[in-house]
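> Structure file query-v1.cif (mmCIF, C-alpha atoms, pLDDT in the B column; chains and numbers go by the auth columns) is given on the next line.
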```cif
data_entry
loop_
_atom_site.group_PDB
_atom_site.id
_atom_site.type_symbol
_atom_site.label_atom_id
_atom_site.label_comp_id
_atom_site.label_asym_id
_atom_site.label_seq_id
_atom_site.Cartn_x
_atom_site.Cartn_y
_atom_site.Cartn_z
_atom_site.B_iso_or_equiv
_atom_site.auth_seq_id
_atom_site.auth_asym_id
ATOM 1 C CA MET A 1 4.136 5.983 0.347 50.00 1454 A
ATOM 2 C CA ASN A 2 6.027 4.705 3.351 53.00 1455 A
ATOM 3 C CA ARG A 3 7.629 1.291 3.467 53.00 1456 A
ATOM 4 C CA ALA A 4 5.190 -0.230 5.983 51.00 1457 A
ATOM 5 C CA THR A 5 2.183 0.681 3.853 53.00 1458 A
ATOM 6 C CA LEU A 6 3.836 -0.707 0.725 46.00 1459 A
ATOM 7 C CA VAL A 7 4.668 -3.965 2.510 45.00 1460 A
ATOM 8 C CA ALA A 8 1.108 -4.226 3.865 50.00 1461 A
ATOM 9 C CA LEU A 9 -0.482 -3.660 0.462 52.00 1462 A
ATOM 10 C CA THR A 10 1.885 -6.166 -1.140 54.00 1463 A
ATOM 11 C CA ALA A 11 1.117 -8.745 1.547 50.00 1464 A
ATOM 12 C CA ALA A 12 -2.631 -8.202 1.163 52.00 1465 A
ATOM 13 C CA THR A 13 -2.365 -8.659 -2.592 58.00 1466 A
ATOM 14 C CA ALA A 14 -0.346 -11.844 -2.125 50.00 1467 A
ATOM 15 C CA ILE A 15 -2.838 -13.250 0.396 55.00 1468 A
ATOM 16 C CA LEU A 16 -5.813 -12.480 -1.807 50.00 1469 A
ATOM 17 C CA GLY A 17 -4.022 -13.883 -4.841 55.00 1470 A
ATOM 18 C CA ALA A 18 -3.242 -17.096 -2.976 47.00 1471 A
ATOM 19 C CA THR A 19 -6.867 -17.306 -1.867 47.00 1472 A
ATOM 20 C CA GLY A 20 -7.943 -16.919 -5.486 49.00 1473 A
ATOM 21 C CA ILE A 21 -5.584 -19.666 -6.608 45.00 1474 A
ATOM 22 C CA GLY A 22 -6.993 -21.898 -3.876 45.00 1475 A
ATOM 23 C CA ILE A 23 -10.539 -21.202 -5.012 46.00 1476 A
ATOM 24 C CA ASP A 24 -9.691 -21.920 -8.630 47.00 1477 A
ATOM 25 C CA ALA A 25 -7.972 -25.149 -7.673 43.00 1478 A
ATOM 26 C CA LEU A 26 -10.889 -26.569 -5.675 45.00 1479 A
ATOM 27 C CA GLY A 27 -11.772 -29.030 -8.395 45.00 1480 A
ATOM 28 C CA GLU A 28 -14.579 -27.135 -10.039 46.00 1481 A
ATOM 29 C CA PRO A 29 -15.905 -28.764 -13.201 43.00 1482 A
ATOM 30 C CA PRO A 30 -15.183 -27.435 -16.685 45.00 1483 A
ATOM 31 C CA ALA A 31 -17.215 -24.470 -17.892 49.00 1484 A
ATOM 32 C CA SER A 32 -19.573 -26.571 -19.992 57.00 1485 A
ATOM 33 C CA ALA A 33 -20.691 -29.005 -17.281 59.00 1486 A
ATOM 34 C CA MET A 34 -21.847 -27.228 -14.122 80.00 1487 A
ATOM 35 C CA THR A 35 -24.873 -28.553 -12.295 87.00 1488 A
ATOM 36 C CA ARG A 36 -26.889 -26.647 -9.699 88.00 1489 A
ATOM 37 C CA ALA A 37 -25.362 -28.697 -6.872 90.00 1490 A
ATOM 38 C CA GLN A 38 -21.852 -27.921 -8.109 91.00 1491 A
ATOM 39 C CA TYR A 39 -22.742 -24.254 -8.432 90.00 1492 A
ATOM 40 C CA LEU A 40 -24.108 -24.095 -4.874 91.00 1493 A
ATOM 41 C CA SER A 41 -21.061 -25.913 -3.554 92.00 1494 A
ATOM 42 C CA ALA A 42 -18.717 -23.497 -5.327 92.00 1495 A
ATOM 43 C CA ARG A 43 -20.714 -20.519 -3.991 92.00 1496 A
ATOM 44 C CA GLY A 44 -20.296 -21.895 -0.476 93.00 1497 A
ATOM 45 C CA ARG A 45 -16.530 -22.153 -0.967 94.00 1498 A
ATOM 46 C CA LEU A 46 -16.478 -18.581 -2.262 92.00 1499 A
ATOM 47 C CA ASP A 47 -18.307 -17.370 0.840 91.00 1500 A
ATOM 48 C CA VAL A 48 -15.813 -19.151 3.096 93.00 1501 A
ATOM 49 C CA ALA A 49 -12.879 -17.661 1.173 93.00 1502 A
ATOM 50 C CA ARG A 50 -14.428 -14.181 1.470 92.00 1503 A
ATOM 51 C CA GLY A 51 -14.675 -14.680 5.230 92.00 1504 A
ATOM 52 C CA TRP A 52 -11.012 -15.673 5.423 93.00 1505 A
ATOM 53 C CA ALA A 53 -9.958 -12.649 3.402 91.00 1506 A
ATOM 54 C CA LEU A 54 -12.014 -10.298 5.583 90.00 1507 A
ATOM 55 C CA ALA A 55 -10.610 -11.908 8.728 91.00 1508 A
ATOM 56 C CA ALA A 56 -7.087 -11.281 7.426 91.00 1509 A
ATOM 57 C CA CYS A 57 -8.041 -7.632 6.870 89.00 1510 A
ATOM 58 C CA ALA A 58 -9.324 -7.260 10.442 89.00 1511 A
ATOM 59 C CA ARG A 59 -5.780 -7.396 11.812 89.00 1512 A
ATOM 60 C CA ARG A 60 -4.718 -4.254 9.936 88.00 1513 A
ATOM 61 C CA SER A 61 -4.814 -0.601 10.945 84.00 1514 A
ATOM 62 C CA SER A 62 -8.005 1.285 10.080 77.00 1515 A
ATOM 63 C CA GLY A 63 -6.797 2.869 6.829 70.00 1516 A
ATOM 64 C CA GLU A 64 -5.246 -0.313 5.529 79.00 1517 A
ATOM 65 C CA ARG A 65 -8.217 -2.353 6.750 83.00 1518 A
ATOM 66 C CA ASP A 66 -10.701 -0.347 4.705 78.00 1519 A
ATOM 67 C CA ALA A 67 -8.662 -0.762 1.534 77.00 1520 A
ATOM 68 C CA CYS A 68 -8.105 -4.453 2.262 83.00 1521 A
ATOM 69 C CA GLU A 69 -11.807 -5.091 2.888 84.00 1522 A
ATOM 70 C CA ALA A 70 -12.790 -3.238 -0.266 80.00 1523 A
ATOM 71 C CA ARG A 71 -10.306 -5.299 -2.275 80.00 1524 A
ATOM 72 C CA ALA A 72 -11.478 -8.565 -0.652 85.00 1525 A
ATOM 73 C CA ASP A 73 -15.113 -7.739 -1.411 85.00 1526 A
ATOM 74 C CA ALA A 74 -14.304 -6.761 -4.985 81.00 1527 A
ATOM 75 C CA ASP A 75 -12.303 -9.952 -5.552 85.00 1528 A
ATOM 76 C CA ALA A 76 -15.078 -12.083 -4.058 88.00 1529 A
ATOM 77 C CA ASN A 77 -17.659 -10.347 -6.230 84.00 1530 A
ATOM 78 C CA LEU A 78 -15.503 -10.955 -9.294 85.00 1531 A
ATOM 79 C CA ARG A 79 -15.167 -14.656 -8.542 90.00 1532 A
ATOM 80 C CA ALA A 80 -18.903 -14.909 -7.884 87.00 1533 A
ATOM 81 C CA ALA A 81 -19.650 -13.212 -11.208 86.00 1534 A
ATOM 82 C CA GLN A 82 -17.256 -15.541 -13.036 87.00 1535 A
ATOM 83 C CA LEU A 83 -18.929 -18.519 -11.382 89.00 1536 A
ATOM 84 C CA GLU A 84 -22.317 -17.145 -12.403 86.00 1537 A
ATOM 85 C CA VAL A 85 -21.134 -16.929 -16.025 87.00 1538 A
ATOM 86 C CA ARG A 86 -20.024 -20.550 -15.926 89.00 1539 A
ATOM 87 C CA TYR A 87 -23.346 -21.663 -14.461 88.00 1540 A
ATOM 88 C CA ARG A 88 -25.857 -19.436 -16.258 85.00 1541 A
ATOM 89 C CA ARG A 89 -23.972 -18.986 -19.543 86.00 1542 A
ATOM 90 C CA SER A 90 -26.057 -15.931 -20.404 85.00 1543 A
ATOM 91 C CA PRO A 91 -25.179 -12.532 -21.889 85.00 1544 A
ATOM 92 C CA GLN A 92 -26.388 -10.772 -18.724 86.00 1545 A
ATOM 93 C CA ALA A 93 -24.095 -12.904 -16.549 84.00 1546 A
ATOM 94 C CA ALA A 94 -21.198 -12.059 -18.873 85.00 1547 A
ATOM 95 C CA ARG A 95 -21.980 -8.335 -18.566 86.00 1548 A
ATOM 96 C CA ASP A 96 -22.130 -8.674 -14.785 85.00 1549 A
ATOM 97 C CA ALA A 97 -18.726 -10.380 -14.773 85.00 1550 A
ATOM 98 C CA GLN A 98 -17.310 -7.617 -16.942 89.00 1551 A
ATOM 99 C CA ARG A 99 -18.666 -5.028 -14.499 88.00 1552 A
ATOM 100 C CA ALA A 100 -17.112 -6.957 -11.601 85.00 1553 A
ATOM 101 C CA ARG A 101 -13.711 -6.905 -13.352 88.00 1554 A
ATOM 102 C CA ILE A 102 -14.041 -3.141 -13.799 90.00 1555 A
ATOM 103 C CA GLU A 103 -14.945 -2.754 -10.137 87.00 1556 A
ATOM 104 C CA VAL A 104 -11.890 -4.777 -9.043 85.00 1557 A
ATOM 105 C CA ARG A 105 -9.600 -2.508 -11.060 88.00 1558 A
ATOM 106 C CA HIS A 106 -11.332 0.550 -9.571 89.00 1559 A
ATOM 107 C CA GLN A 107 -10.941 -0.760 -6.006 84.00 1560 A
ATOM 108 C CA ALA A 108 -7.247 -1.433 -6.656 84.00 1561 A
ATOM 109 C CA ALA A 109 -6.812 2.125 -7.919 88.00 1562 A
ATOM 110 C CA LEU A 110 -8.605 3.495 -4.843 86.00 1563 A
ATOM 111 C CA ALA A 111 -6.433 1.371 -2.551 82.00 1564 A
ATOM 112 C CA ARG A 112 -3.346 3.022 -4.014 84.00 1565 A
ATOM 113 C CA CYS A 113 -4.775 6.370 -2.861 87.00 1566 A
ATOM 114 C CA VAL A 114 -5.158 5.422 0.813 81.00 1567 A
ATOM 115 C CA PRO A 115 -1.624 6.268 2.010 82.00 1568 A
ATOM 116 C CA LEU A 116 -1.484 9.571 0.131 88.00 1569 A
ATOM 117 C CA LYS A 117 -2.358 12.949 1.634 91.00 1570 A
ATOM 118 C CA GLY A 118 -3.566 16.310 0.369 95.00 1571 A
ATOM 119 C CA TYR A 119 -3.146 17.169 -3.280 95.00 1572 A
ATOM 120 C CA ASP A 120 -1.602 13.807 -4.190 94.00 1573 A
ATOM 121 C CA HIS A 121 -4.581 11.997 -2.616 94.00 1574 A
ATOM 122 C CA ASP A 122 -7.046 14.165 -4.530 95.00 1575 A
ATOM 123 C CA GLN A 123 -5.256 13.609 -7.824 95.00 1576 A
ATOM 124 C CA CYS A 124 -5.097 9.870 -7.165 94.00 1577 A
ATOM 125 C CA LEU A 125 -8.866 9.775 -6.567 95.00 1578 A
ATOM 126 C CA ILE A 126 -9.469 11.737 -9.762 95.00 1579 A
ATOM 127 C CA ARG A 127 -7.343 9.244 -11.736 95.00 1580 A
ATOM 128 C CA ALA A 128 -9.146 6.285 -10.128 94.00 1581 A
ATOM 129 C CA HIS A 129 -12.576 7.662 -10.987 93.00 1582 A
ATOM 130 C CA ALA A 130 -11.447 8.562 -14.499 94.00 1583 A
ATOM 131 C CA LEU A 131 -10.247 4.968 -14.908 92.00 1584 A
ATOM 132 C CA LEU A 132 -13.666 3.752 -13.799 92.00 1585 A
ATOM 133 C CA GLY A 133 -15.475 6.085 -16.166 91.00 1586 A
ATOM 134 C CA ARG A 134 -13.328 5.110 -19.158 91.00 1587 A
ATOM 135 C CA ALA A 135 -13.756 1.416 -18.428 90.00 1588 A
ATOM 136 C CA LEU A 136 -17.525 1.748 -18.098 89.00 1589 A
ATOM 137 C CA LEU A 137 -17.763 3.689 -21.350 88.00 1590 A
ATOM 138 C CA GLN A 138 -15.641 1.111 -23.150 86.00 1591 A
ATOM 139 C CA SER A 139 -17.744 -1.735 -21.781 83.00 1592 A
ATOM 140 C CA GLU A 140 -20.954 -0.260 -23.169 77.00 1593 A
ATOM 141 C CA ASP A 141 -21.909 -0.029 -26.810 64.00 1594 A
ATOM 142 C CA PRO A 142 -23.835 3.245 -26.753 56.00 1595 A
ATOM 143 C CA TYR A 143 -24.774 3.111 -30.424 55.00 1596 A
ATOM 144 C CA SER A 144 -26.234 -0.386 -30.442 57.00 1597 A
ATOM 145 C CA ALA A 145 -29.568 0.673 -28.899 55.00 1598 A
ATOM 146 C CA ARG A 146 -30.343 3.507 -31.317 51.00 1599 A
ATOM 147 C CA ALA A 147 -33.904 4.112 -32.326 51.00 1600 A
ATOM 148 C CA ASP A 148 -33.678 4.496 -36.110 47.00 1601 A
#
```
Since I need it in another form, could you write the structure as structure tokens?

Amino acid sequence: MNRATLVALTAATAILGATGIGIDALGEPPASAMTRAQYLSARGRLDVARGWALAACARRSSGERDACEARADADANLRAAQLEVRYRRSPQAARDAQRARIEVRHQAALARCVPLKGYDHDQCLIRAHALLGRALLQSEDPYSARAD
């Protein structure tokens, strides 16, 4: 991985992390007291933050831009799923948030593959997809729905 790519990926991670800190610090209510109006307001802020992150990605080269946009979308989806858990407080919302966390890790693994070429790129993709598969298998409880 060349130095410019490493610097770009590090900068993108820092920008997205700062955006996430800004979203979390927007004065959202505690998890037990979220009204519909507060939920809609928080969703609006998430949409604005996603737009900012995608705009920051637009200034990158095509390879870096794709990875940056995928990471921005995955992070936004994760925050939306976490917000949904706080609002809905249901098992399905919790499963969706867990899936979003898995997807963020998968997108990060795929982003590490972007600068690689040839065999190294192929092996990186295999590792990223194996990571996804393991995480999905661990998140499911395949024996809980048995028909005895």
> Between A:Arg1532, A:Arg1489, A:Arg1587, A:Arg1498, single out the one closest to His1559 in chain A, counting all atoms listed in the file.
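Between A:Arg1532, A:Arg1489, A:Arg1587, A:Arg1498, the residue approaching His1559 in chain A most closely is A:Arg1587.
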> For a quick check of your reading of the model, name the residues lying within 12 Å of the coordinate (-22.4, -23.4, -6.1), counting only C-alpha atoms, and write them as a list in words.
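The distance filter leaves exactly Leu1479, Glu1481, Pro1482, Met1487, Thr1488, Arg1489, Ala1490, Gln1491, Tyr1492, Leu1493, Ser1494, Ala1495, Arg1496, Gly1497, Arg1498, Leu1499, Asp1500, Arg1532, Ala1533, Ala1534, Gln1535, Leu1536, Glu1537, Val1538, Arg1539, Tyr1540 and Arg1541 of chain A.
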> Please, could you write that set of residues out with C-alpha atoms as a PDB file, keeping the file's coordinate frame?

```pdb
ATOM      1  CA  LEU A1479     -10.889 -26.569  -5.675  1.00 45.00           C
ATOM      2  CA  GLU A1481     -14.579 -27.135 -10.039  1.00 46.00           C
ATOM      3  CA  PRO A1482     -15.905 -28.764 -13.201  1.00 43.00           C
ATOM      4  CA  MET A1487     -21.847 -27.228 -14.122  1.00 80.00           C
ATOM      5  CA  THR A1488     -24.873 -28.553 -12.295  1.00 87.00           C
ATOM      6  CA  ARG A1489     -26.889 -26.647  -9.699  1.00 88.00           C
ATOM      7  CA  ALA A1490     -25.362 -28.697  -6.872  1.00 90.00           C
ATOM      8  CA  GLN A1491     -21.852 -27.921  -8.109  1.00 91.00           C
ATOM      9  CA  TYR A1492     -22.742 -24.254  -8.432  1.00 90.00           C
ATOM     10  CA  LEU A1493     -24.108 -24.095  -4.874  1.00 91.00           C
ATOM     11  CA  SER A1494     -21.061 -25.913  -3.554  1.00 92.00           C
ATOM     12  CA  ALA A1495     -18.717 -23.497  -5.327  1.00 92.00           C
ATOM     13  CA  ARG A1496     -20.714 -20.519  -3.991  1.00 92.00           C
ATOM     14  CA  GLY A1497     -20.296 -21.895  -0.476  1.00 93.00           C
ATOM     15  CA  ARG A1498     -16.530 -22.153  -0.967  1.00 94.00           C
ATOM     16  CA  LEU A1499     -16.478 -18.581  -2.262  1.00 92.00           C
ATOM     17  CA  ASP A1500     -18.307 -17.370   0.840  1.00 91.00           C
ATOM     18  CA  ARG A1532     -15.167 -14.656  -8.542  1.00 90.00           C
ATOM     19  CA  ALA A1533     -18.903 -14.909  -7.884  1.00 87.00           C
ATOM     20  CA  ALA A1534     -19.650 -13.212 -11.208  1.00 86.00           C
ATOM     21  CA  GLN A1535     -17.256 -15.541 -13.036  1.00 87.00           C
ATOM     22  CA  LEU A1536     -18.929 -18.519 -11.382  1.00 89.00           C
ATOM     23  CA  GLU A1537     -22.317 -17.145 -12.403  1.00 86.00           C
ATOM     24  CA  VAL A1538     -21.134 -16.929 -16.025  1.00 87.00           C
ATOM     25  CA  ARG A1539     -20.024 -20.550 -15.926  1.00 89.00           C
ATOM     26  CA  TYR A1540     -23.346 -21.663 -14.461  1.00 88.00           C
ATOM     27  CA  ARG A1541     -25.857 -19.436 -16.258  1.00 85.00           C
TER      28      ARG A1541
END
```
> Determine the nearest neighbour of Arg1565 in chain A from the options A:Ala1506, A:Glu1517, A:Ala1527, A:Ala1550, counting all atoms listed in the file.
A:Glu1517
> How many Å separate CA of Ala1546 in chain A from CA of Leu1531 in chain A?
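According to the coordinates, CA of Ala1546 in chain A and CA of Leu1531 in chain A are separated by 11.4 Å.
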> Calculated over all atoms listed in the file, which of the candidates A:Gln1551, A:Arg1558, A:Pro1568, A:Leu1563 has the smallest distance to Ser1514 in chain A?
A:Pro1568
